[in-house]
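A short worksheet on the structure shown next.
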Amino acid sequence: MANSESPSLRHFVAYVEDQPGVLNRVTSLFRRRCYNIVSLNVGRTHEAGISRMTFAVEADEDTARRIEANLYKLVNVLSVEDITDKPTVSRDLALIKVAVGPAKRGEVLQLCEVFRARVVDVATESLCLEITGTQDKIDSLVEVLRPVGILEMVRTGAVAMLRGTEADQSRAPDRHIESDTIAA
């Protein structure tokens, strides 16, 4: 029986070696397999030499399993986890430049308060806002700012972490175990 599940937005976390070319290998895999990356964020972790990739992909459950399996085939990939159905904390960052003169500035500043955004640059005829939050929160601010006039916008893509005290269990084991072995 064929899988009739429709694609949904799936979120993955991958720990990779912090080496030149790793991002290119990962994105090339997605390109070759015709998987569209909706959001991608890469940054260093608290462990030297390891970076964390958080990405969102439109995929059904079967495709998600294939994505995970294909990522594990890449040499520099240490671990991968589909965190879609797990309790997570997820945030995006956006910088939004709006065309606003002195007459409408107060109105935009009130919107900033409501959305907990902050002004990071002021020019004669524009403001640059910074907002951090869920994708929905940022989308909502963008919609209310459209009539004002968005000149430019950039978003980071989501970063996500499992909730609670439990660390991501798919992660490569800590390399810093000397303190445990010395104490024994």
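Numbering starts fresh at 1 for the residues of each chain in the structure tokens, the chains themselves are lettered A, B, ... in the order given, and ligands are numbered from 1 as they appear.
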With 7 Å as the cut-off and only C-alpha atoms counted, what is the closest atom pair between each nearby residue of segment 142-165 of chain A and segment 83-88 of chain A? Distances in Å to one decimal, ordered by chain and number, as a Markdown table.
| residue | atom | partner | partner_atom | distance |
| --- | --- | --- | --- | --- |
| A:Ala160 | CA | A:Thr88 | CA | 6.3 |
| A:Met161 | CA | A:Thr88 | CA | 5.4 |
| A:Leu162 | CA | A:Thr88 | CA | 4.3 |
| A:Arg163 | CA | A:Thr88 | CA | 4.8 |
| field | Residue set, segment 114-153 of chain A restricted to alpha helix (DSSP H), as a PyMOL selection string | value | chain A and resi 114-115+135-145
Write the residues of the preceding selection, restricted to N, CA and C atoms, as a tab-separated table (two decimals), in the first residue's frame.
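Okay, this is what ended up in out_34.tsv:
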chain	number	residue	atom	x	y	z
A	114	VAL	N	4.43	45.83	21.30
A	114	VAL	CA	3.48	44.72	21.30
A	114	VAL	C	4.17	43.40	20.94
A	115	PHE	N	5.08	43.44	19.95
A	115	PHE	CA	5.75	42.23	19.49
A	115	PHE	C	7.09	41.99	20.17
A	135	GLN	N	8.38	31.46	14.37
A	135	GLN	CA	8.11	31.85	12.99
A	135	GLN	C	6.78	32.58	12.89
A	136	ASP	N	5.77	32.11	13.61
A	136	ASP	CA	4.45	32.74	13.58
A	136	ASP	C	4.49	34.18	14.10
A	137	LYS	N	5.24	34.41	15.17
A	137	LYS	CA	5.35	35.75	15.73
A	137	LYS	C	6.00	36.71	14.72
A	138	ILE	N	7.06	36.25	14.08
A	138	ILE	CA	7.74	37.09	13.09
A	138	ILE	C	6.84	37.33	11.89
A	139	ASP	N	6.16	36.29	11.43
A	139	ASP	CA	5.22	36.43	10.31
A	139	ASP	C	4.14	37.46	10.63
A	140	SER	N	3.64	37.43	11.87
A	140	SER	CA	2.59	38.38	12.28
A	140	SER	C	3.10	39.81	12.26
A	141	LEU	N	4.32	40.04	12.76
A	141	LEU	CA	4.87	41.39	12.72
A	141	LEU	C	5.06	41.85	11.28
A	142	VAL	N	5.54	40.98	10.43
A	142	VAL	CA	5.73	41.33	9.02
A	142	VAL	C	4.40	41.76	8.40
A	143	GLU	N	3.33	41.03	8.70
A	143	GLU	CA	2.02	41.38	8.12
A	143	GLU	C	1.53	42.74	8.57
A	144	VAL	N	1.73	43.10	9.84
A	144	VAL	CA	1.26	44.41	10.30
A	144	VAL	C	2.17	45.54	9.82
A	145	LEU	N	3.42	45.21	9.46
A	145	LEU	CA	4.34	46.23	8.96
A	145	LEU	C	4.23	46.45	7.45
| query | Near Arg44 of chain A, counting only C-alpha atoms, which residues have an atom at most 9 Å away, once you skip same-chain residues fewer than 6 positions from it, shown as number ranges by chain? | reply | A: 18, 50-53
| task | Identify which of the residues A:Ala64, A:Leu93, A:Val98, A:Ile150 lies closest to Ile131 of chain A, counting only C-alpha atoms when measuring atom-to-atom distances. | result |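 Nearest candidate to Ile131 of chain A out of A:Ala64, A:Leu93, A:Val98, A:Ile150: A:Leu93.
Atom pair atom CA of Val108 of chain A / atom CA of Glu152 of chain A: separated by 15.5 Å.
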| For segment 35-39 of chain A: contacts at 12 Å, only C-alpha atoms, fewer than 2 positions along chain excluded, given as JSON, numbers by chain | {"A": [7, 8, 9, 10, 11, 12, 13, 26, 27, 28, 29, 30, 31, 32, 33, 41, 42, 53, 54, 55, 56, 57, 58, 59, 60, 63, 64, 66, 67, 70, 91, 92, 135, 155, 156, 157, 158, 159, 160]}
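Across the model, the gap from atom CA of Lys97 of chain A to atom CA of Cys128 of chain A is 4.2 Å.
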